[in-house]
Every structure is written in structure tokens, then in C-alpha cells.
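Just work01.cif here, mmCIF, C-alpha atoms:
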```
data_upload
loop_
_atom_site.label_atom_id
_atom_site.label_comp_id
_atom_site.auth_asym_id
_atom_site.auth_seq_id
_atom_site.Cartn_x
_atom_site.Cartn_y
_atom_site.Cartn_z
CA MET H 1 28.56 4.09 -8.68
CA GLN H 2 25.95 1.39 -9.25
CA SER H 3 22.61 2.69 -10.51
CA LEU H 4 19.15 1.26 -9.92
CA HIS H 5 17.70 4.51 -11.23
CA ASP H 6 14.64 3.15 -13.10
CA THR H 7 14.06 0.03 -11.00
CA HIS H 8 11.36 -0.21 -8.33
CA VAL H 9 13.44 -1.62 -5.47
CA LYS H 10 11.51 -3.37 -2.67
CA LEU H 11 12.28 -1.54 0.56
CA LEU H 12 10.99 -1.25 4.10
CA ALA H 13 10.04 2.15 5.49
CA PHE H 14 13.28 2.28 7.51
CA ASP H 15 15.28 1.84 4.31
CA ILE H 16 13.34 4.50 2.41
CA LEU H 17 13.53 7.03 5.25
CA SER H 18 17.29 6.54 5.62
CA LEU H 19 18.05 7.39 1.98
CA ILE H 20 20.23 10.44 1.36
CA PRO H 21 19.56 13.00 -1.39
CA SER H 22 22.15 12.97 -4.16
CA SER H 23 24.26 16.10 -4.27
CA SER H 24 23.96 16.18 -8.08
CA ASN H 25 20.14 16.09 -8.10
CA PRO H 26 18.70 16.53 -4.59
CA ASN H 27 15.02 16.54 -5.57
CA THR H 28 14.79 13.39 -7.64
CA VAL H 29 17.67 10.96 -7.14
CA ILE H 30 18.32 9.40 -3.76
CA ARG H 31 21.66 7.92 -2.84
CA LYS H 32 22.67 5.38 -0.20
CA GLY H 33 26.32 4.38 -0.13
CA THR H 34 27.37 3.82 -3.72
CA HIS H 35 23.90 3.04 -5.10
CA ILE H 36 21.63 5.51 -6.87
CA LEU H 37 17.92 4.88 -6.44
CA SER H 38 14.98 6.81 -7.80
CA ARG H 39 12.08 4.37 -7.45
CA ALA H 40 10.85 2.12 -4.65
CA GLU H 41 8.12 -0.38 -3.87
CA THR H 42 6.77 -1.05 -0.42
CA LEU H 43 3.86 -2.80 1.23
CA ASP H 44 2.34 -1.02 4.19
CA ILE H 45 -0.83 -0.05 6.05
CA VAL H 46 -2.34 3.38 5.47
CA THR H 47 -2.27 5.30 8.78
CA PHE H 48 -2.96 8.90 7.68
CA TRP H 49 -4.94 10.39 4.82
CA GLU H 50 -5.46 13.99 3.60
CA HIS H 51 -7.36 14.71 0.40
CA LYS H 52 -7.44 18.09 -1.35
CA SER H 53 -10.00 17.72 -4.12
CA ASP H 54 -8.52 18.05 -7.61
CA ARG H 55 -5.06 18.79 -6.15
CA PHE H 56 -3.53 15.83 -4.30
CA LEU H 57 -3.98 12.97 -1.89
CA LYS H 58 -1.34 12.79 0.82
CA PHE H 59 -1.15 9.65 2.90
CA THR H 60 1.24 7.87 5.21
CA ILE H 61 1.95 4.17 5.21
CA ASP H 62 3.43 2.30 8.17
CA ASP H 63 5.17 -1.09 8.20
CA ALA H 64 6.35 -0.97 11.85
CA THR H 65 9.87 0.11 10.79
CA GLY H 66 8.67 3.65 10.03
CA CYS H 67 6.06 5.79 8.32
CA ILE H 68 6.49 6.81 4.68
CA PRO H 69 4.85 10.00 3.40
CA CYS H 70 3.24 9.47 -0.01
CA VAL H 71 1.49 11.75 -2.49
CA ILE H 72 -0.80 11.09 -5.44
CA TRP H 73 -1.14 14.18 -7.64
CA LEU H 74 -4.70 14.83 -8.85
CA ASN H 75 -4.14 18.13 -10.68
CA GLN H 76 -3.15 16.82 -14.10
CA LEU H 77 -6.00 18.65 -15.88
CA THR H 78 -5.01 22.07 -14.48
CA SER H 79 -1.25 21.77 -14.03
CA PRO H 80 1.05 23.63 -16.45
CA TYR H 81 3.39 20.62 -16.19
CA PHE H 82 0.98 18.62 -18.40
CA SER H 83 0.07 21.44 -20.81
CA ARG H 84 2.46 20.21 -23.54
CA ARG H 85 1.17 16.66 -23.48
CA CYS H 86 -1.56 15.21 -25.63
CA PRO H 87 -4.97 15.98 -23.97
CA PRO H 88 -6.30 12.39 -24.22
CA ASP H 89 -3.11 11.15 -22.49
CA VAL H 90 -3.49 13.74 -19.73
CA ARG H 91 -7.14 12.76 -19.19
CA ARG H 92 -6.14 9.10 -18.91
CA ILE H 93 -3.37 9.91 -16.41
CA ALA H 94 -5.90 11.94 -14.38
CA GLU H 95 -8.42 9.07 -14.41
CA VAL H 96 -5.81 6.58 -13.23
CA ALA H 97 -4.67 8.91 -10.42
CA LYS H 98 -8.29 9.37 -9.26
CA SER H 99 -8.82 5.60 -9.27
CA PHE H 100 -5.71 5.16 -7.11
CA ALA H 101 -7.00 7.82 -4.71
CA THR H 102 -10.27 5.92 -4.21
CA VAL H 103 -8.54 2.77 -2.93
CA VAL H 104 -6.38 4.53 -0.33
CA GLN H 105 -8.22 4.32 3.01
CA ILE H 106 -6.98 4.29 6.61
CA GLY H 107 -6.28 0.75 7.82
CA VAL H 108 -5.95 -0.75 4.34
CA LEU H 109 -2.87 -2.75 3.37
CA VAL H 110 -1.53 -1.31 0.10
CA ARG H 111 1.34 -2.09 -2.24
CA VAL H 112 2.79 1.23 -3.39
CA ARG H 113 5.30 1.92 -6.13
CA GLY H 114 6.62 5.37 -6.76
CA LYS H 115 9.36 7.85 -7.36
CA VAL H 116 11.50 8.61 -4.33
CA GLY H 117 11.98 12.32 -3.80
CA VAL H 118 12.54 15.00 -1.21
CA TYR H 119 9.91 17.54 -0.19
CA ARG H 120 10.77 20.17 2.42
CA GLY H 121 13.79 18.14 3.49
CA ASN H 122 11.90 14.87 4.00
CA VAL H 123 11.90 11.76 1.83
CA GLN H 124 8.55 10.94 0.24
CA LEU H 125 7.12 8.69 -2.47
CA THR H 126 5.33 10.24 -5.41
CA VAL H 127 2.99 7.37 -6.18
CA VAL H 128 2.80 5.88 -9.68
CA ASP H 129 0.91 2.73 -8.71
CA VAL H 130 -1.12 1.63 -5.70
CA VAL H 131 -2.93 -1.67 -5.22
CA VAL H 132 -4.95 -2.92 -2.26
CA GLU H 133 -3.32 -6.14 -1.10
CA ARG H 134 -5.88 -8.81 -0.21
CA ASP H 135 -3.47 -11.65 0.59
CA PRO H 136 -2.90 -11.82 4.37
CA ASN H 137 0.58 -13.30 3.79
CA ALA H 138 1.71 -10.48 1.51
CA GLU H 139 3.62 -8.58 4.20
CA ILE H 140 5.66 -11.64 5.12
CA VAL H 141 6.44 -12.36 1.47
CA HIS H 142 7.35 -8.70 0.83
CA GLU H 143 9.72 -8.54 3.80
CA GLY H 144 11.29 -11.90 3.02
CA GLY H 145 11.59 -11.16 -0.70
CA ARG H 146 13.06 -7.73 0.04
CA SER H 147 16.13 -9.16 1.73
CA GLU H 148 16.77 -11.58 -1.10
CA SER H 149 16.10 -9.14 -3.92
CA ILE H 150 18.23 -6.35 -2.47
CA SER H 151 21.16 -8.56 -1.57
CA THR H 152 21.03 -10.30 -4.94
CA LYS H 153 20.54 -7.22 -7.13
CA VAL H 154 22.72 -4.81 -5.20
CA GLY H 155 25.21 -7.18 -3.57
CA PHE H 156 24.66 -6.23 0.07
CA ASP H 157 25.95 -8.46 2.82
CA GLU H 158 23.16 -10.62 4.27
CA GLY H 159 24.76 -10.75 7.71
CA GLY H 160 24.52 -6.99 8.32
CA GLY H 161 22.07 -4.91 10.24
CA GLY H 162 18.92 -5.99 8.44
CA GLY H 163 18.41 -3.23 5.99
CA PHE H 164 20.06 -0.88 3.67
#
```
Can you dump the structure from the file as C-alpha cells?
Amino acid sequence: MQSLHDTHVKLLAFDILSLIPSSSNPNTVIRKGTHILSRAETLDIVTFWEHKSDRFLKFTIDDATGCIPCVIWLNQLTSPYFSRRCPPDVRRIAEVAKSFATVVQIGVLVRVRGKVGVYRGNVQLTVVDVVVERDPNAEIVHEGGRSESISTKVGFDEGGGGGF
């Protein structure tokens, strides 16, 4: 089985939403065919936004092939998950997450990188990086580069159905 476990693979929403949870680790590793993926990058427009102060920011991004649920966790300072980490590191992680949350607005084109996971049976991205894309040609470049990068890195047939 070929692994792209720690690589942010450029994917369209359709590709991300069609990923299948791995039977060995259903909450973190996603499997499609013989390839293991855990991280993805996509470029989409924010179409939904829900903010729970000091807990999380949920948002949906849409690239016309589907809508991807995303989450930015904002509870680093109160979460037991971070209690064993160095306090200055946790504060920095919290600051970065809050800065990401400020750029996510409905109608904005964003480049999102994150960990692919499953929450309540649905695929979602736990965001590790989000950037507002200001180049109007970015979507075209992302979609064109996606086909080349996936077929080159993973060895998919270019003549297929246009996706994973």
C-alpha cells in the first residue's frame, strides 16, 4: 500500500468527500484504493461559518465539486490535550489558530491545508493552515496543478474520470 501519510495532497472537494476511512485507524487515516492519505490541501470559497468563542470555528468551503466541512480548534488554552505541552508553545498555537479564524469569512477564497479525518461519519478537514488567496487565477492553477501532481506523485491514469 502506497502511503502519502504526511503529505498535503492537492484535492478537489469531490476527491476529499469520496475518501474512505481506513479500517486500521478510522478517525485519522483515510484510504482510497491502495493509497493512504492523512493530509490534504484545497482551494475553495467559504460558504458557511459557525464560531463558538474559545472553542472552535466550523466552516464549509465549496469548489463546485462539493462542500468540505472544516474545523479550526480554538480551545488550546483549556483543552486537556495540550496540558502536557510547554505553556509558551500552547499559547503560540492558540494565537496562530485565532489568527486563522479571523481570515475565514463567507465569500472569501481560501487555501486550506489540514488533517483529513472523520467526525460523526463524515469526512472533514482539521485545519492546520489557512490563507486568503488574492490571486484571481489561483483556482485555475490549483485545479490544473492538482491533476498533474496527483497523477505524477500517485501514478493515477490521466484518462480516467477526472478525480481520485
Checklist entry - Using the chain letters and numbers from the file, which residues does the PyMOL selection byres ((chain H and resi 99) around 12) grab, as a list in words? => result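 Evaluating the PyMOL selection byres ((chain H and resi 99) around 12) on these coordinates yields Leu57, Ile72, Trp73, Leu74, Arg92, Ile93, Ala94, Glu95, Val96, Ala97, Lys98, Phe100, Ala101, Thr102, Val103, Val104, Val128, Asp129, Val130, Val131 and Val132 of chain H.
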Show me, as a Markdown table, the residues of segment 33-64 of chain H having an atom within 12 Å of segment 114-126 of chain H, each with the closest atom pair and its distance in Å, using only C-alpha atoms.
```
| residue | atom | partner | partner_atom | distance |
| --- | --- | --- | --- | --- |
| H:Ile36 | CA | H:Val116 | CA | 10.9 |
| H:Leu37 | CA | H:Val116 | CA | 7.7 |
| H:Ser38 | CA | H:Val116 | CA | 5.2 |
| H:Arg39 | CA | H:Lys115 | CA | 4.4 |
| H:Ala40 | CA | H:Gly114 | CA | 5.7 |
| H:Glu41 | CA | H:Gly114 | CA | 6.6 |
| H:Thr42 | CA | H:Gly114 | CA | 9.0 |
| H:Leu43 | CA | H:Gly114 | CA | 11.8 |
| H:Phe56 | CA | H:Thr126 | CA | 10.5 |
| H:Leu57 | CA | H:Thr126 | CA | 10.3 |
| H:Lys58 | CA | H:Thr126 | CA | 9.5 |
| H:Phe59 | CA | H:Leu125 | CA | 9.9 |
| H:Thr60 | CA | H:Gln124 | CA | 9.4 |
| H:Ile61 | CA | H:Leu125 | CA | 10.3 |
```
Selected residues written out, C-alpha atoms, as a compact mmCIF listing (two decimals), keeping the file's coordinate frame:
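Dumped everything to out_27.txt:
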```txt
# COMPACT_ATOMS: atom_id res chain seq x y z
CA ILE H 36 21.63 5.51 -6.87
CA LEU H 37 17.92 4.88 -6.44
CA SER H 38 14.98 6.81 -7.80
CA ARG H 39 12.08 4.37 -7.45
CA ALA H 40 10.85 2.12 -4.65
CA GLU H 41 8.12 -0.38 -3.87
CA THR H 42 6.77 -1.05 -0.42
CA LEU H 43 3.86 -2.80 1.23
CA PHE H 56 -3.53 15.83 -4.30
CA LEU H 57 -3.98 12.97 -1.89
CA LYS H 58 -1.34 12.79 0.82
CA PHE H 59 -1.15 9.65 2.90
CA THR H 60 1.24 7.87 5.21
CA ILE H 61 1.95 4.17 5.21
```
Checklist entry - Just how far from atom CA of Val127 of chain H is atom CA of Thr7 of chain H, in Å to one decimal? => result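 It comes out at 14.1 Å.
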Checklist entry - How many Å separate atom CA of Gly107 of chain H from atom CA of Leu12 of chain H? => result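 Atom CA of Gly107 of chain H sits 17.8 Å away from atom CA of Leu12 of chain H.
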Checklist outcome for this item: atom CA of Glu50 of chain H to atom CA of Ile68 of chain H measures 14.0 Å
Find the axis-aligned box for segment 66-75 of chain H, covering all its listed atoms and adding 5 Å on each side, and write its centre and edge lengths in Å to one decimal as lines of an AutoDock Vina configuration file.
```
center_x = 2.0
center_y = 10.9
center_z = -0.3
size_x = 23.4
size_y = 24.5
size_z = 30.7
```
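The shortest atom-to-atom distance to Asp63 of chain H, with all atoms listed in the file taken into account, belongs to H:Ala13 out of H:Cys86, H:Ala13, H:Leu19, H:Ile106.
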Item to check | Best match for closeness to Cys67 of chain H among H:Pro21, H:Phe14, H:Arg91, H:Leu109, counting only C-alpha atoms | outcome: H:Phe14
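Comparing H:Asn137, H:Arg111, H:Cys70, H:Leu77 by their smallest distance to Leu17 of chain H, the closest is H:Cys70 (using only C-alpha atoms).
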Generate N, CA, C and O atoms for segment 66-89 of chain H and emit them as a compact mmCIF listing (two decimals), keeping the file's coordinate frame.
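Contents of out.txt, freshly written:
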```txt
# COMPACT_ATOMS: atom_id res chain seq x y z
N GLY H 66 8.77 2.22 10.25
CA GLY H 66 8.67 3.65 10.03
C GLY H 66 7.45 4.00 9.22
O GLY H 66 6.73 3.12 8.75
N CYS H 67 7.21 5.29 9.07
CA CYS H 67 6.06 5.79 8.32
C CYS H 67 6.56 6.56 7.10
O CYS H 67 7.37 7.48 7.23
N ILE H 68 6.06 6.19 5.93
CA ILE H 68 6.49 6.81 4.68
C ILE H 68 5.42 7.78 4.19
O ILE H 68 4.28 7.38 3.96
N PRO H 69 5.79 9.06 4.01
CA PRO H 69 4.85 10.00 3.40
C PRO H 69 4.74 9.72 1.90
O PRO H 69 5.74 9.51 1.22
N CYS H 70 3.50 9.73 1.40
CA CYS H 70 3.24 9.47 -0.01
C CYS H 70 2.31 10.55 -0.55
O CYS H 70 1.52 11.13 0.20
N VAL H 71 2.39 10.80 -1.85
CA VAL H 71 1.49 11.75 -2.49
C VAL H 71 1.06 11.21 -3.85
O VAL H 71 1.86 10.64 -4.58
N ILE H 72 -0.23 11.36 -4.12
CA ILE H 72 -0.80 11.09 -5.44
C ILE H 72 -1.28 12.43 -5.96
O ILE H 72 -2.15 13.07 -5.35
N TRP H 73 -0.72 12.90 -7.06
CA TRP H 73 -1.14 14.18 -7.64
C TRP H 73 -2.43 13.99 -8.42
O TRP H 73 -2.57 13.04 -9.20
N LEU H 74 -3.38 14.90 -8.21
CA LEU H 74 -4.70 14.83 -8.85
C LEU H 74 -4.98 16.07 -9.71
O LEU H 74 -6.12 16.30 -10.10
N ASN H 75 -3.95 16.86 -9.98
CA ASN H 75 -4.14 18.13 -10.68
C ASN H 75 -3.66 18.10 -12.14
O ASN H 75 -3.35 19.14 -12.71
N GLN H 76 -3.66 16.94 -12.75
CA GLN H 76 -3.15 16.82 -14.10
C GLN H 76 -3.90 17.70 -15.10
O GLN H 76 -3.31 18.21 -16.05
N LEU H 77 -5.20 17.89 -14.92
CA LEU H 77 -6.00 18.65 -15.88
C LEU H 77 -5.79 20.15 -15.78
O LEU H 77 -6.12 20.89 -16.70
N THR H 78 -5.23 20.63 -14.66
CA THR H 78 -5.01 22.07 -14.48
C THR H 78 -3.55 22.46 -14.34
O THR H 78 -3.23 23.64 -14.34
N SER H 79 -2.67 21.50 -14.24
CA SER H 79 -1.25 21.77 -14.03
C SER H 79 -0.54 22.18 -15.32
O SER H 79 -0.69 21.52 -16.35
N PRO H 80 0.27 23.25 -15.28
CA PRO H 80 1.05 23.63 -16.45
C PRO H 80 2.07 22.56 -16.86
O PRO H 80 2.49 22.49 -18.01
N TYR H 81 2.44 21.70 -15.91
CA TYR H 81 3.39 20.62 -16.19
C TYR H 81 2.89 19.72 -17.32
O TYR H 81 3.67 19.21 -18.11
N PHE H 82 1.56 19.52 -17.40
CA PHE H 82 0.98 18.62 -18.40
C PHE H 82 0.48 19.35 -19.64
O PHE H 82 -0.07 18.73 -20.54
N SER H 83 0.64 20.66 -19.72
CA SER H 83 0.07 21.44 -20.81
C SER H 83 0.64 21.08 -22.19
O SER H 83 -0.02 21.28 -23.20
N ARG H 84 1.83 20.56 -22.25
CA ARG H 84 2.46 20.21 -23.54
C ARG H 84 2.14 18.79 -23.98
O ARG H 84 2.51 18.38 -25.08
N ARG H 85 1.48 18.04 -23.13
CA ARG H 85 1.17 16.66 -23.48
C ARG H 85 -0.16 16.57 -24.20
O ARG H 85 -0.99 17.45 -24.12
N CYS H 86 -0.35 15.48 -24.87
CA CYS H 86 -1.56 15.21 -25.63
C CYS H 86 -2.77 15.15 -24.66
O CYS H 86 -2.73 14.38 -23.69
N PRO H 87 -3.82 15.94 -24.89
CA PRO H 87 -4.97 15.98 -23.97
C PRO H 87 -5.58 14.62 -23.64
O PRO H 87 -5.90 14.38 -22.47
N PRO H 88 -5.77 13.70 -24.61
CA PRO H 88 -6.30 12.39 -24.22
C PRO H 88 -5.38 11.64 -23.24
O PRO H 88 -5.85 10.94 -22.34
N ASP H 89 -4.06 11.79 -23.41
CA ASP H 89 -3.11 11.15 -22.49
C ASP H 89 -3.24 11.75 -21.09
O ASP H 89 -3.22 11.02 -20.10
```
